[in-house]
Amino acid sequence: MVASGISEEMKPESVSLHPLGAAAAPEQPELLCIFGTGDLGRSLGLRLLQSGYSVVYGSRRPHRCGPLPQGAQVMSHAAAAQSASLIFICVHREHYEFLETMAPHLEGKVLVDLSNNLKKGMYPEANAAYLQRLVPGAAVVKGLNTLSAWALQNGLLAGKQVYLCGNSAGAKQTVAEMATKLGLTVLDRGSLSAARELEDFPLQLFPEWRLPLRVAIGLTAFFFFYLLIRDVIYTYVEQRKDISFRIMVSLANKVFPIVSLIMLSLCYLPGVIAAFLQLYRGTKYRRFPDWLDRWMLCRKQMGLVALGFAFLHAIYTFIIPIRYAVRHKLISLVVDEMKNNKTTPFYFNNTEAWATDSFYVLGILGFFLYVLLGLTSLPSVGGSLSWREFSFIQSKLGHLTLSICTTHGYIYGWNKFLRPATYKWYTPPGYMLCLVVPSVVLVLKVLLLLPCVDRTLTRIRQGWERTQPREEMGEIKATNL
């Protein structure tokens with residue numbers, strides 16, 4: 001009786017056991033369906049297979065649809081729709097008509113619309129809204145349309161943000177779980193009425209590059225006309241010499257390094273401003289102003305634009321010896337000496353030799369570090385580095401690059417700052433103006449590296465606050481009362 005009572009009590013909590021050496025039945029992977037066997041459909045299927053899903057393609061020509069990822073199945077649209085509950089629509093809007101005839105097979109399914117248009121306002125309603133009208137019994141979710149076939153194939157999805165919208169919260173949750181498994185970060189934009197906004201996102205032309213490009217174009221235009229007035233127009237007015245031929249190479253080769261150095265310093269100036277702002281506030285839990293936040297988000301693009309101008313400066317410098325004006329000047333000097341039967345005395349200046357060699361060496365080292373910073377900012381390279389390695393290169397080596405390039409500029413004009421002839425029409429030369437911003441950044445950075453300042457800033461970034469929040473102060477006062 002006791003044994004039987006024990007066995008009856010144990011039955012509800014008993015578990016099924018397998019013999020030793022016999023494994024449990026493997027769990028079947030979830031089956032997902034894709035309509036469309038183009039580049040996007042194939043790339044998405046490959047990524048889903050790599051993430052542990054089973055994939056079935058729906059095609060109007062199942063036997064002639066081209067190469068598909070290994071392990072995927074292909075069926076007719078109707079058969080594929082019946083086999084899965086989550087269906088990705090990877091076809092153009094012009095071919096949506098066949099979905100209306102398949103409405104009975106799509107009843108209760110979740111349809112993910114990945115389509116995009118060629119331009120804004122191309123159709124009176126969003127593609128996802130049109131799809132929902134064709135198949136009213138299905139739950140349409142607009143999303144993943146910002147992913148390209150190239151990004152899916154190469155696996156560059158970690159941390160990438162995608163947007164979803166739809167009228168069914170359950171359908172959006174299903175799609176969000178799948179996207180998270182692919183390594184994506186999901187942002188819910190609400191109901192299907194936001195579909196047109198999501199469809200316009202891929203049509204934006206370099207949204208993260210607009211501010212850096214505007215700053216670069218503005219600086220280029222300003223310094224071009226500034227140097228045009230100082231170098232070309234001044235010479236023509238004061239000396240009656242036409243040196244307009246210098247605009248193409250000489251003038252441009254002055255503008256490029258100036259803009260490059262200022263853009264590089266603008267990459268590190270917002271970080272310095274943010275540090276002083278945290279020191280002033282005594283906390284890291286208050287958000288930065290919108291302008292500073294936007295500035296910090298486009299530092300990578302600013303650095304790459306600066307690298308582009310540095311490349312132009314290097315290329316223009318290499319072609320200086322082969323220019324016609326330079327060759328003509330050298331030949332004229334030789335011919336003049338031969339005609340007058342004299343040689344110009346040339347004395348070796350040790351100081352000038354040191355300055356020239358230092359100028360070139362710092363330029364080469366600065367350009368090398370420039371390229372290193374640009375390479376590590378690429379996702380394929382930066383993704384292989386640890387956070388400490390990436391931070392060391394972008395922060396420590398970045399400030400070293402700025403210091404070397406700034407010193408390169410100072411050596412260029414080391415013996416020209418006090419010459420009255422340098423200030424044509426009482427205006428400073430371009431290289432003198434371009435040294436203002438990087439010098440300010442380096443001085444502020446040195447102040448932040450002082451032990452007393454750096455210690456306080458480190459504590460703040462670790463969560464310490466100089467003053468207690470108002471809520472806690474109120475609680476303490478109430479407790480004391």
# chains A, B, ... in the order shown; residues from 1 in each chain; ligands from 1
>>> residues_around(residues="Cys267 (chain A)", least_positions_apart="3", cutoff="12 Å", atoms="only C-alpha atoms", output="PDB file with all heavy atoms, in the first residue's frame")
ATOM      1  N   PRO A 212      28.156  66.382 -42.824  1.00  0.00           N
ATOM      2  CA  PRO A 212      29.585  66.448 -43.167  1.00  0.00           C
ATOM      3  C   PRO A 212      29.846  67.007 -44.562  1.00  0.00           C
ATOM      4  O   PRO A 212      30.781  67.796 -44.746  1.00  0.00           O
ATOM      5  CB  PRO A 212      30.043  64.984 -43.065  1.00  0.00           C
ATOM      6  CG  PRO A 212      29.083  64.340 -42.143  1.00  0.00           C
ATOM      7  CD  PRO A 212      27.769  65.014 -42.399  1.00  0.00           C
ATOM      8  N   VAL A 215      29.286  70.802 -44.543  1.00  0.00           N
ATOM      9  CA  VAL A 215      30.404  71.490 -43.893  1.00  0.00           C
ATOM     10  C   VAL A 215      31.626  71.506 -44.803  1.00  0.00           C
ATOM     11  O   VAL A 215      32.298  72.540 -44.952  1.00  0.00           O
ATOM     12  CB  VAL A 215      30.732  70.818 -42.548  1.00  0.00           C
ATOM     13  CG1 VAL A 215      31.993  71.417 -41.940  1.00  0.00           C
ATOM     14  CG2 VAL A 215      29.571  70.959 -41.584  1.00  0.00           C
ATOM     15  N   SER A 260      40.881  69.399 -45.014  1.00  0.00           N
ATOM     16  CA  SER A 260      41.106  68.092 -44.394  1.00  0.00           C
ATOM     17  C   SER A 260      41.437  68.243 -42.909  1.00  0.00           C
ATOM     18  O   SER A 260      40.889  67.514 -42.066  1.00  0.00           O
ATOM     19  CB  SER A 260      42.238  67.365 -45.120  1.00  0.00           C
ATOM     20  OG  SER A 260      42.526  66.140 -44.503  1.00  0.00           O
ATOM     21  N   LEU A 261      42.312  69.174 -42.568  1.00  0.00           N
ATOM     22  CA  LEU A 261      42.713  69.344 -41.166  1.00  0.00           C
ATOM     23  C   LEU A 261      41.544  69.861 -40.323  1.00  0.00           C
ATOM     24  O   LEU A 261      41.347  69.413 -39.184  1.00  0.00           O
ATOM     25  CB  LEU A 261      43.899  70.303 -41.081  1.00  0.00           C
ATOM     26  CG  LEU A 261      44.502  70.539 -39.689  1.00  0.00           C
ATOM     27  CD1 LEU A 261      44.937  69.220 -39.069  1.00  0.00           C
ATOM     28  CD2 LEU A 261      45.667  71.512 -39.757  1.00  0.00           C
ATOM     29  N   ILE A 262      40.767  70.786 -40.860  1.00  0.00           N
ATOM     30  CA  ILE A 262      39.620  71.304 -40.100  1.00  0.00           C
ATOM     31  C   ILE A 262      38.578  70.208 -39.900  1.00  0.00           C
ATOM     32  O   ILE A 262      38.003  70.060 -38.809  1.00  0.00           O
ATOM     33  CB  ILE A 262      39.018  72.528 -40.820  1.00  0.00           C
ATOM     34  CG1 ILE A 262      40.016  73.680 -40.825  1.00  0.00           C
ATOM     35  CG2 ILE A 262      37.724  72.960 -40.133  1.00  0.00           C
ATOM     36  CD1 ILE A 262      39.525  74.915 -41.549  1.00  0.00           C
ATOM     37  N   MET A 263      38.308  69.405 -40.943  1.00  0.00           N
ATOM     38  CA  MET A 263      37.326  68.327 -40.817  1.00  0.00           C
ATOM     39  C   MET A 263      37.790  67.283 -39.802  1.00  0.00           C
ATOM     40  O   MET A 263      36.981  66.742 -39.037  1.00  0.00           O
ATOM     41  CB  MET A 263      37.093  67.671 -42.170  1.00  0.00           C
ATOM     42  CG  MET A 263      36.382  68.554 -43.188  1.00  0.00           C
ATOM     43  SD  MET A 263      34.690  68.957 -42.731  1.00  0.00           S
ATOM     44  CE  MET A 263      33.912  67.364 -42.885  1.00  0.00           C
ATOM     45  N   LEU A 264      39.089  66.989 -39.772  1.00  0.00           N
ATOM     46  CA  LEU A 264      39.611  66.037 -38.785  1.00  0.00           C
ATOM     47  C   LEU A 264      39.443  66.574 -37.372  1.00  0.00           C
ATOM     48  O   LEU A 264      39.067  65.835 -36.450  1.00  0.00           O
ATOM     49  CB  LEU A 264      41.082  65.731 -39.074  1.00  0.00           C
ATOM     50  CG  LEU A 264      41.759  64.742 -38.122  1.00  0.00           C
ATOM     51  CD1 LEU A 264      41.099  63.379 -38.205  1.00  0.00           C
ATOM     52  CD2 LEU A 264      43.253  64.633 -38.423  1.00  0.00           C
ATOM     53  N   PRO A 270      33.485  67.620 -30.895  1.00  0.00           N
ATOM     54  CA  PRO A 270      32.262  67.334 -30.125  1.00  0.00           C
ATOM     55  C   PRO A 270      32.513  66.459 -28.900  1.00  0.00           C
ATOM     56  O   PRO A 270      31.840  66.620 -27.880  1.00  0.00           O
ATOM     57  CB  PRO A 270      31.357  66.633 -31.142  1.00  0.00           C
ATOM     58  CG  PRO A 270      32.270  66.112 -32.186  1.00  0.00           C
ATOM     59  CD  PRO A 270      33.377  67.120 -32.270  1.00  0.00           C
ATOM     60  N   GLY A 271      33.474  65.527 -28.986  1.00  0.00           N
ATOM     61  CA  GLY A 271      33.796  64.715 -27.823  1.00  0.00           C
ATOM     62  C   GLY A 271      34.355  65.550 -26.685  1.00  0.00           C
ATOM     63  O   GLY A 271      34.048  65.317 -25.508  1.00  0.00           O
ATOM     64  N   VAL A 272      35.183  66.549 -27.030  1.00  0.00           N
ATOM     65  CA  VAL A 272      35.738  67.443 -26.012  1.00  0.00           C
ATOM     66  C   VAL A 272      34.631  68.303 -25.401  1.00  0.00           C
ATOM     67  O   VAL A 272      34.568  68.498 -24.178  1.00  0.00           O
ATOM     68  CB  VAL A 272      36.838  68.319 -26.647  1.00  0.00           C
ATOM     69  CG1 VAL A 272      37.323  69.366 -25.648  1.00  0.00           C
ATOM     70  CG2 VAL A 272      38.008  67.454 -27.097  1.00  0.00           C
ATOM     71  N   ILE A 273      33.734  68.816 -26.242  1.00  0.00           N
ATOM     72  CA  ILE A 273      32.619  69.625 -25.735  1.00  0.00           C
ATOM     73  C   ILE A 273      31.736  68.792 -24.811  1.00  0.00           C
ATOM     74  O   ILE A 273      31.292  69.254 -23.750  1.00  0.00           O
ATOM     75  CB  ILE A 273      31.810  70.198 -26.915  1.00  0.00           C
ATOM     76  CG1 ILE A 273      32.671  71.168 -27.727  1.00  0.00           C
ATOM     77  CG2 ILE A 273      30.558  70.896 -26.414  1.00  0.00           C
ATOM     78  CD1 ILE A 273      31.983  71.686 -28.972  1.00  0.00           C
ATOM     79  N   LEU A 292      24.479  68.854 -30.571  1.00  0.00           N
ATOM     80  CA  LEU A 292      25.692  68.113 -30.229  1.00  0.00           C
ATOM     81  C   LEU A 292      25.509  66.627 -30.475  1.00  0.00           C
ATOM     82  O   LEU A 292      26.433  65.944 -30.937  1.00  0.00           O
ATOM     83  CB  LEU A 292      26.042  68.379 -28.758  1.00  0.00           C
ATOM     84  CG  LEU A 292      27.312  67.699 -28.229  1.00  0.00           C
ATOM     85  CD1 LEU A 292      28.523  68.100 -29.055  1.00  0.00           C
ATOM     86  CD2 LEU A 292      27.530  68.034 -26.764  1.00  0.00           C
ATOM     87  N   TRP A 295      25.823  66.053 -34.122  1.00  0.00           N
ATOM     88  CA  TRP A 295      27.219  66.233 -34.510  1.00  0.00           C
ATOM     89  C   TRP A 295      28.035  64.985 -34.178  1.00  0.00           C
ATOM     90  O   TRP A 295      28.844  64.518 -34.996  1.00  0.00           O
ATOM     91  CB  TRP A 295      27.764  67.452 -33.781  1.00  0.00           C
ATOM     92  CG  TRP A 295      29.135  67.907 -34.197  1.00  0.00           C
ATOM     93  CD1 TRP A 295      29.960  67.311 -35.106  1.00  0.00           C
ATOM     94  CD2 TRP A 295      29.833  69.049 -33.713  1.00  0.00           C
ATOM     95  NE1 TRP A 295      31.129  68.009 -35.217  1.00  0.00           N
ATOM     96  CE2 TRP A 295      31.083  69.082 -34.378  1.00  0.00           C
ATOM     97  CE3 TRP A 295      29.528  70.041 -32.790  1.00  0.00           C
ATOM     98  CZ2 TRP A 295      32.012  70.083 -34.131  1.00  0.00           C
ATOM     99  CZ3 TRP A 295      30.466  71.030 -32.551  1.00  0.00           C
ATOM    100  CH2 TRP A 295      31.688  71.052 -33.216  1.00  0.00           C
ATOM    101  N   MET A 296      27.821  64.417 -32.998  1.00  0.00           N
ATOM    102  CA  MET A 296      28.582  63.241 -32.586  1.00  0.00           C
ATOM    103  C   MET A 296      28.226  62.011 -33.419  1.00  0.00           C
ATOM    104  O   MET A 296      29.072  61.127 -33.617  1.00  0.00           O
ATOM    105  CB  MET A 296      28.339  62.968 -31.108  1.00  0.00           C
ATOM    106  CG  MET A 296      28.866  64.055 -30.181  1.00  0.00           C
ATOM    107  SD  MET A 296      28.645  63.691 -28.433  1.00  0.00           S
ATOM    108  CE  MET A 296      29.838  62.382 -28.206  1.00  0.00           C
ATOM    109  N   LEU A 297      27.004  61.944 -33.921  1.00  0.00           N
ATOM    110  CA  LEU A 297      26.601  60.781 -34.698  1.00  0.00           C
ATOM    111  C   LEU A 297      27.213  60.758 -36.096  1.00  0.00           C
ATOM    112  O   LEU A 297      27.240  59.715 -36.737  1.00  0.00           O
ATOM    113  CB  LEU A 297      25.068  60.735 -34.813  1.00  0.00           C
ATOM    114  CG  LEU A 297      24.319  60.383 -33.521  1.00  0.00           C
ATOM    115  CD1 LEU A 297      22.819  60.483 -33.743  1.00  0.00           C
ATOM    116  CD2 LEU A 297      24.693  58.993 -33.041  1.00  0.00           C
ATOM    117  N   CYS A 298      27.697  61.899 -36.586  1.00  0.00           N
ATOM    118  CA  CYS A 298      28.265  61.935 -37.938  1.00  0.00           C
ATOM    119  C   CYS A 298      29.776  62.138 -37.914  1.00  0.00           C
ATOM    120  O   CYS A 298      30.359  62.582 -38.905  1.00  0.00           O
ATOM    121  CB  CYS A 298      27.589  63.028 -38.769  1.00  0.00           C
ATOM    122  SG  CYS A 298      27.857  64.703 -38.175  1.00  0.00           S
ATOM    123  N   ARG A 299      30.430  61.803 -36.796  1.00  0.00           N
ATOM    124  CA  ARG A 299      31.884  61.958 -36.728  1.00  0.00           C
ATOM    125  C   ARG A 299      32.604  61.015 -37.680  1.00  0.00           C
ATOM    126  O   ARG A 299      33.638  61.373 -38.267  1.00  0.00           O
ATOM    127  CB  ARG A 299      32.357  61.725 -35.292  1.00  0.00           C
ATOM    128  CG  ARG A 299      32.005  62.839 -34.334  1.00  0.00           C
ATOM    129  CD  ARG A 299      32.497  62.568 -32.927  1.00  0.00           C
ATOM    130  NE  ARG A 299      31.825  61.410 -32.348  1.00  0.00           N
ATOM    131  CZ  ARG A 299      32.095  60.932 -31.153  1.00  0.00           C
ATOM    132  NH1 ARG A 299      33.053  61.497 -30.404  1.00  0.00           N
ATOM    133  NH2 ARG A 299      31.437  59.892 -30.675  1.00  0.00           N
ATOM    134  N   LYS A 300      32.089  59.815 -37.832  1.00  0.00           N
ATOM    135  CA  LYS A 300      32.718  58.868 -38.750  1.00  0.00           C
ATOM    136  C   LYS A 300      32.709  59.402 -40.172  1.00  0.00           C
ATOM    137  O   LYS A 300      33.722  59.337 -40.889  1.00  0.00           O
ATOM    138  CB  LYS A 300      31.983  57.526 -38.687  1.00  0.00           C
ATOM    139  CG  LYS A 300      32.419  56.524 -39.731  1.00  0.00           C
ATOM    140  CD  LYS A 300      31.572  55.269 -39.673  1.00  0.00           C
ATOM    141  CE  LYS A 300      31.893  54.321 -40.824  1.00  0.00           C
ATOM    142  NZ  LYS A 300      31.050  53.106 -40.778  1.00  0.00           N
ATOM    143  N   GLN A 301      31.579  59.952 -40.606  1.00  0.00           N
ATOM    144  CA  GLN A 301      31.485  60.494 -41.955  1.00  0.00           C
ATOM    145  C   GLN A 301      32.414  61.704 -42.130  1.00  0.00           C
ATOM    146  O   GLN A 301      33.023  61.869 -43.185  1.00  0.00           O
ATOM    147  CB  GLN A 301      30.034  60.887 -42.256  1.00  0.00           C
ATOM    148  CG  GLN A 301      29.099  59.709 -42.465  1.00  0.00           C
ATOM    149  CD  GLN A 301      28.709  59.007 -41.181  1.00  0.00           C
ATOM    150  OE1 GLN A 301      28.892  59.547 -40.093  1.00  0.00           O
ATOM    151  NE2 GLN A 301      28.161  57.815 -41.283  1.00  0.00           N
ATOM    152  N   MET A 302      32.526  62.525 -41.098  1.00  0.00           N
ATOM    153  CA  MET A 302      33.438  63.666 -41.174  1.00  0.00           C
ATOM    154  C   MET A 302      34.887  63.199 -41.339  1.00  0.00           C
ATOM    155  O   MET A 302      35.663  63.785 -42.104  1.00  0.00           O
ATOM    156  CB  MET A 302      33.310  64.526 -39.914  1.00  0.00           C
ATOM    157  CG  MET A 302      32.094  65.431 -39.909  1.00  0.00           C
ATOM    158  SD  MET A 302      32.129  66.598 -38.537  1.00  0.00           S
ATOM    159  CE  MET A 302      30.711  67.615 -38.946  1.00  0.00           C
ATOM    160  N   GLY A 303      35.240  62.145 -40.602  1.00  0.00           N
ATOM    161  CA  GLY A 303      36.596  61.619 -40.719  1.00  0.00           C
ATOM    162  C   GLY A 303      36.890  61.058 -42.098  1.00  0.00           C
ATOM    163  O   GLY A 303      37.985  61.254 -42.642  1.00  0.00           O
ATOM    164  N   LEU A 304      35.914  60.381 -42.704  1.00  0.00           N
ATOM    165  CA  LEU A 304      36.129  59.837 -44.037  1.00  0.00           C
ATOM    166  C   LEU A 304      36.211  60.939 -45.087  1.00  0.00           C
ATOM    167  O   LEU A 304      36.982  60.837 -46.050  1.00  0.00           O
ATOM    168  CB  LEU A 304      34.991  58.861 -44.388  1.00  0.00           C
ATOM    169  CG  LEU A 304      34.971  57.564 -43.559  1.00  0.00           C
ATOM    170  CD1 LEU A 304      33.765  56.721 -43.915  1.00  0.00           C
ATOM    171  CD2 LEU A 304      36.258  56.765 -43.783  1.00  0.00           C
ATOM    172  N   VAL A 305      35.430  62.008 -44.918  1.00  0.00           N
ATOM    173  CA  VAL A 305      35.547  63.153 -45.828  1.00  0.00           C
ATOM    174  C   VAL A 305      36.925  63.791 -45.685  1.00  0.00           C
ATOM    175  O   VAL A 305      37.564  64.163 -46.682  1.00  0.00           O
ATOM    176  CB  VAL A 305      34.429  64.170 -45.549  1.00  0.00           C
ATOM    177  CG1 VAL A 305      34.656  65.451 -46.341  1.00  0.00           C
ATOM    178  CG2 VAL A 305      33.065  63.591 -45.910  1.00  0.00           C
ATOM    179  N   ALA A 306      37.401  63.918 -44.445  1.00  0.00           N
ATOM    180  CA  ALA A 306      38.746  64.458 -44.221  1.00  0.00           C
ATOM    181  C   ALA A 306      39.810  63.589 -44.879  1.00  0.00           C
ATOM    182  O   ALA A 306      40.772  64.097 -45.464  1.00  0.00           O
ATOM    183  CB  ALA A 306      39.008  64.581 -42.717  1.00  0.00           C
ATOM    184  N   LEU A 307      39.632  62.263 -44.794  1.00  0.00           N
ATOM    185  CA  LEU A 307      40.577  61.352 -45.449  1.00  0.00           C
ATOM    186  C   LEU A 307      40.563  61.542 -46.959  1.00  0.00           C
ATOM    187  O   LEU A 307      41.609  61.499 -47.615  1.00  0.00           O
ATOM    188  CB  LEU A 307      40.229  59.905 -45.086  1.00  0.00           C
ATOM    189  CG  LEU A 307      41.071  58.815 -45.755  1.00  0.00           C
ATOM    190  CD1 LEU A 307      42.542  58.962 -45.401  1.00  0.00           C
ATOM    191  CD2 LEU A 307      40.564  57.428 -45.355  1.00  0.00           C
ATOM    192  N   LEU A 373      43.139  55.141 -39.639  1.00  0.00           N
ATOM    193  CA  LEU A 373      41.856  55.492 -39.040  1.00  0.00           C
ATOM    194  C   LEU A 373      40.706  55.199 -39.991  1.00  0.00           C
ATOM    195  O   LEU A 373      39.648  54.718 -39.583  1.00  0.00           O
ATOM    196  CB  LEU A 373      41.849  56.975 -38.661  1.00  0.00           C
ATOM    197  CG  LEU A 373      42.770  57.412 -37.521  1.00  0.00           C
ATOM    198  CD1 LEU A 373      42.743  58.926 -37.370  1.00  0.00           C
ATOM    199  CD2 LEU A 373      42.367  56.751 -36.219  1.00  0.00           C
ATOM    200  N   GLN A 394      40.775  54.760 -32.619  1.00  0.00           N
ATOM    201  CA  GLN A 394      39.984  55.925 -32.990  1.00  0.00           C
ATOM    202  C   GLN A 394      40.206  57.110 -32.051  1.00  0.00           C
ATOM    203  O   GLN A 394      40.062  58.260 -32.472  1.00  0.00           O
ATOM    204  CB  GLN A 394      38.498  55.556 -33.005  1.00  0.00           C
ATOM    205  CG  GLN A 394      38.111  54.582 -34.102  1.00  0.00           C
ATOM    206  CD  GLN A 394      38.301  55.172 -35.495  1.00  0.00           C
ATOM    207  OE1 GLN A 394      38.111  56.357 -35.715  1.00  0.00           O
ATOM    208  NE2 GLN A 394      38.663  54.334 -36.448  1.00  0.00           N
ATOM    209  N   SER A 395      40.544  56.858 -30.793  1.00  0.00           N
ATOM    210  CA  SER A 395      40.722  57.957 -29.845  1.00  0.00           C
ATOM    211  C   SER A 395      42.194  58.332 -29.692  1.00  0.00           C
ATOM    212  O   SER A 395      42.592  59.455 -30.024  1.00  0.00           O
ATOM    213  CB  SER A 395      40.139  57.571 -28.487  1.00  0.00           C
ATOM    214  OG  SER A 395      40.312  58.612 -27.560  1.00  0.00           O
ATOM    215  N   GLY A 398      43.824  58.707 -33.046  1.00  0.00           N
ATOM    216  CA  GLY A 398      43.160  59.817 -33.718  1.00  0.00           C
ATOM    217  C   GLY A 398      43.690  61.164 -33.247  1.00  0.00           C
ATOM    218  O   GLY A 398      43.981  62.052 -34.065  1.00  0.00           O
ATOM    219  N   HIS A 399      43.835  61.333 -31.936  1.00  0.00           N
ATOM    220  CA  HIS A 399      44.400  62.580 -31.424  1.00  0.00           C
ATOM    221  C   HIS A 399      45.881  62.708 -31.794  1.00  0.00           C
ATOM    222  O   HIS A 399      46.369  63.835 -32.008  1.00  0.00           O
ATOM    223  CB  HIS A 399      44.226  62.642 -29.905  1.00  0.00           C
ATOM    224  CG  HIS A 399      42.831  62.957 -29.478  1.00  0.00           C
ATOM    225  ND1 HIS A 399      41.913  61.986 -29.160  1.00  0.00           N
ATOM    226  CD2 HIS A 399      42.181  64.148 -29.341  1.00  0.00           C
ATOM    227  CE1 HIS A 399      40.765  62.562 -28.823  1.00  0.00           C
ATOM    228  NE2 HIS A 399      40.896  63.858 -28.928  1.00  0.00           N
ATOM    229  N   THR A 401      47.141  61.607 -34.611  1.00  0.00           N
ATOM    230  CA  THR A 401      47.082  62.047 -36.011  1.00  0.00           C
ATOM    231  C   THR A 401      46.814  63.535 -36.095  1.00  0.00           C
ATOM    232  O   THR A 401      47.455  64.259 -36.882  1.00  0.00           O
ATOM    233  CB  THR A 401      45.979  61.274 -36.756  1.00  0.00           C
ATOM    234  OG1 THR A 401      46.197  59.875 -36.620  1.00  0.00           O
ATOM    235  CG2 THR A 401      45.957  61.648 -38.219  1.00  0.00           C
ATOM    236  N   LEU A 402      45.865  64.011 -35.301  1.00  0.00           N
ATOM    237  CA  LEU A 402      45.557  65.445 -35.308  1.00  0.00           C
ATOM    238  C   LEU A 402      46.763  66.261 -34.849  1.00  0.00           C
ATOM    239  O   LEU A 402      47.051  67.325 -35.422  1.00  0.00           O
ATOM    240  CB  LEU A 402      44.358  65.703 -34.397  1.00  0.00           C
ATOM    241  CG  LEU A 402      43.864  67.147 -34.310  1.00  0.00           C
ATOM    242  CD1 LEU A 402      43.420  67.650 -35.678  1.00  0.00           C
ATOM    243  CD2 LEU A 402      42.720  67.264 -33.312  1.00  0.00           C
ATOM    244  N   VAL A 437      41.225  75.905 -35.296  1.00  0.00           N
ATOM    245  CA  VAL A 437      40.340  74.878 -34.743  1.00  0.00           C
ATOM    246  C   VAL A 437      41.128  73.690 -34.180  1.00  0.00           C
ATOM    247  O   VAL A 437      40.883  73.271 -33.036  1.00  0.00           O
ATOM    248  CB  VAL A 437      39.313  74.419 -35.796  1.00  0.00           C
ATOM    249  CG1 VAL A 437      38.385  73.347 -35.217  1.00  0.00           C
ATOM    250  CG2 VAL A 437      38.491  75.599 -36.280  1.00  0.00           C
ATOM    251  N   PRO A 438      42.070  73.079 -34.916  1.00  0.00           N
ATOM    252  CA  PRO A 438      42.811  71.949 -34.320  1.00  0.00           C
ATOM    253  C   PRO A 438      43.616  72.345 -33.098  1.00  0.00           C
ATOM    254  O   PRO A 438      43.746  71.553 -32.160  1.00  0.00           O
ATOM    255  CB  PRO A 438      43.713  71.467 -35.463  1.00  0.00           C
ATOM    256  CG  PRO A 438      43.756  72.571 -36.435  1.00  0.00           C
ATOM    257  CD  PRO A 438      42.459  73.284 -36.330  1.00  0.00           C
ATOM    258  N   VAL A 441      41.222  72.371 -30.191  1.00  0.00           N
ATOM    259  CA  VAL A 441      40.865  71.007 -29.803  1.00  0.00           C
ATOM    260  C   VAL A 441      41.991  70.369 -28.995  1.00  0.00           C
ATOM    261  O   VAL A 441      41.743  69.731 -27.948  1.00  0.00           O
ATOM    262  CB  VAL A 441      40.546  70.161 -31.052  1.00  0.00           C
ATOM    263  CG1 VAL A 441      40.330  68.697 -30.673  1.00  0.00           C
ATOM    264  CG2 VAL A 441      39.311  70.703 -31.763  1.00  0.00           C
TER     265      VAL A 441
END
>>> residues_around(residues="Pro62 (chain A)", least_positions_apart="4", cutoff="12 Å", atoms="only C-alpha atoms", output="list in words")
Phe35, Gly36, Thr37, Val56, Tyr57, Gly58, Gly66, Pro67, Leu68, Gln73, Val74, Met75, Ser76, His77, Ala78, Ala79 and Ala80 of chain A
>>> residues_around(residues="region 171-176 of chain A", least_positions_apart="2", cutoff="9 Å", atoms="only C-alpha atoms", output="ChimeraX atom specification")
/A:86,109-112,139-143,164-169,178-181,184-188
>>> residues_around(residues="Phe224 (chain A)", least_positions_apart="3", cutoff="8 Å", atoms="only C-alpha atoms", output="number ranges by chain")
A: 220-221, 227-228, 251-252, 255
>>> atom_distance(atom1="CA of Phe206 (chain A)", atom2="CA of Phe256 (chain A)")
22.2 Å
>>> closest_residue(among="A:Val259, A:Phe245, A:Thr407, A:Gly308", to="Phe222 (chain A)", atoms="only C-alpha atoms")
A:Val259
>>> residues_around(residues="Tyr423 (chain A)", least_positions_apart="6", cutoff="12 Å", atoms="only C-alpha atoms", output="VMD selection string")
chain A and resid 227 230 to 231 234 416 to 417 429 to 433
>>> write_last_selection(atoms="N, CA and C atoms", output="short mmCIF file (atom, residue, chain, number, x, y, z; two decimals), in the first residue's frame")
data_model
loop_
_atom_site.label_atom_id
_atom_site.label_comp_id
_atom_site.auth_asym_id
_atom_site.auth_seq_id
_atom_site.Cartn_x
_atom_site.Cartn_y
_atom_site.Cartn_z
N LEU A 227 41.50 82.31 -50.80
CA LEU A 227 42.85 82.20 -51.37
C LEU A 227 42.91 82.76 -52.79
N ARG A 230 43.52 86.40 -52.18
CA ARG A 230 44.85 86.69 -51.62
C ARG A 230 45.97 86.40 -52.60
N ASP A 231 45.86 85.32 -53.36
CA ASP A 231 46.99 84.88 -54.19
C ASP A 231 46.89 85.39 -55.63
N TYR A 234 45.16 89.54 -55.76
CA TYR A 234 46.13 90.46 -55.16
C TYR A 234 47.35 90.65 -56.06
N LYS A 416 57.19 82.34 -41.29
CA LYS A 416 56.41 83.31 -42.07
C LYS A 416 55.41 84.08 -41.20
N PHE A 417 55.26 83.71 -39.95
CA PHE A 417 54.22 84.32 -39.12
C PHE A 417 54.48 85.81 -38.88
N PRO A 429 47.22 84.32 -43.93
CA PRO A 429 47.19 83.24 -44.94
C PRO A 429 46.24 82.13 -44.52
N GLY A 430 45.87 81.30 -45.50
CA GLY A 430 44.90 80.24 -45.25
C GLY A 430 45.38 79.22 -44.24
N TYR A 431 46.66 78.84 -44.31
CA TYR A 431 47.14 77.82 -43.39
C TYR A 431 47.11 78.31 -41.95
N MET A 432 47.23 79.63 -41.76
CA MET A 432 47.16 80.18 -40.41
C MET A 432 45.75 80.09 -39.85
N LEU A 433 44.75 80.31 -40.69
CA LEU A 433 43.36 80.20 -40.26
C LEU A 433 43.00 78.75 -39.93
#
>>> closest_residue(among="A:Arg47, A:Leu450, A:Ala194, A:Cys33", to="Asn154 (chain A)", atoms="only C-alpha atoms")
A:Arg47
>>> select_by_dssp(residues="region 143-378 of chain A", states="alpha helix (DSSP H)", output="number ranges by chain")
A: 149-154, 169-181, 195-200, 210-227, 234-239, 250-281, 290-297, 299-318, 324-340, 350-376
>>> atom_distance(atom1="CA of Leu385 (chain A)", atom2="CA of Leu365 (chain A)")
22.7 Å
>>> atom_distance(atom1="CA of Arg189 (chain A)", atom2="CA of Tyr163 (chain A)")
6.5 Å
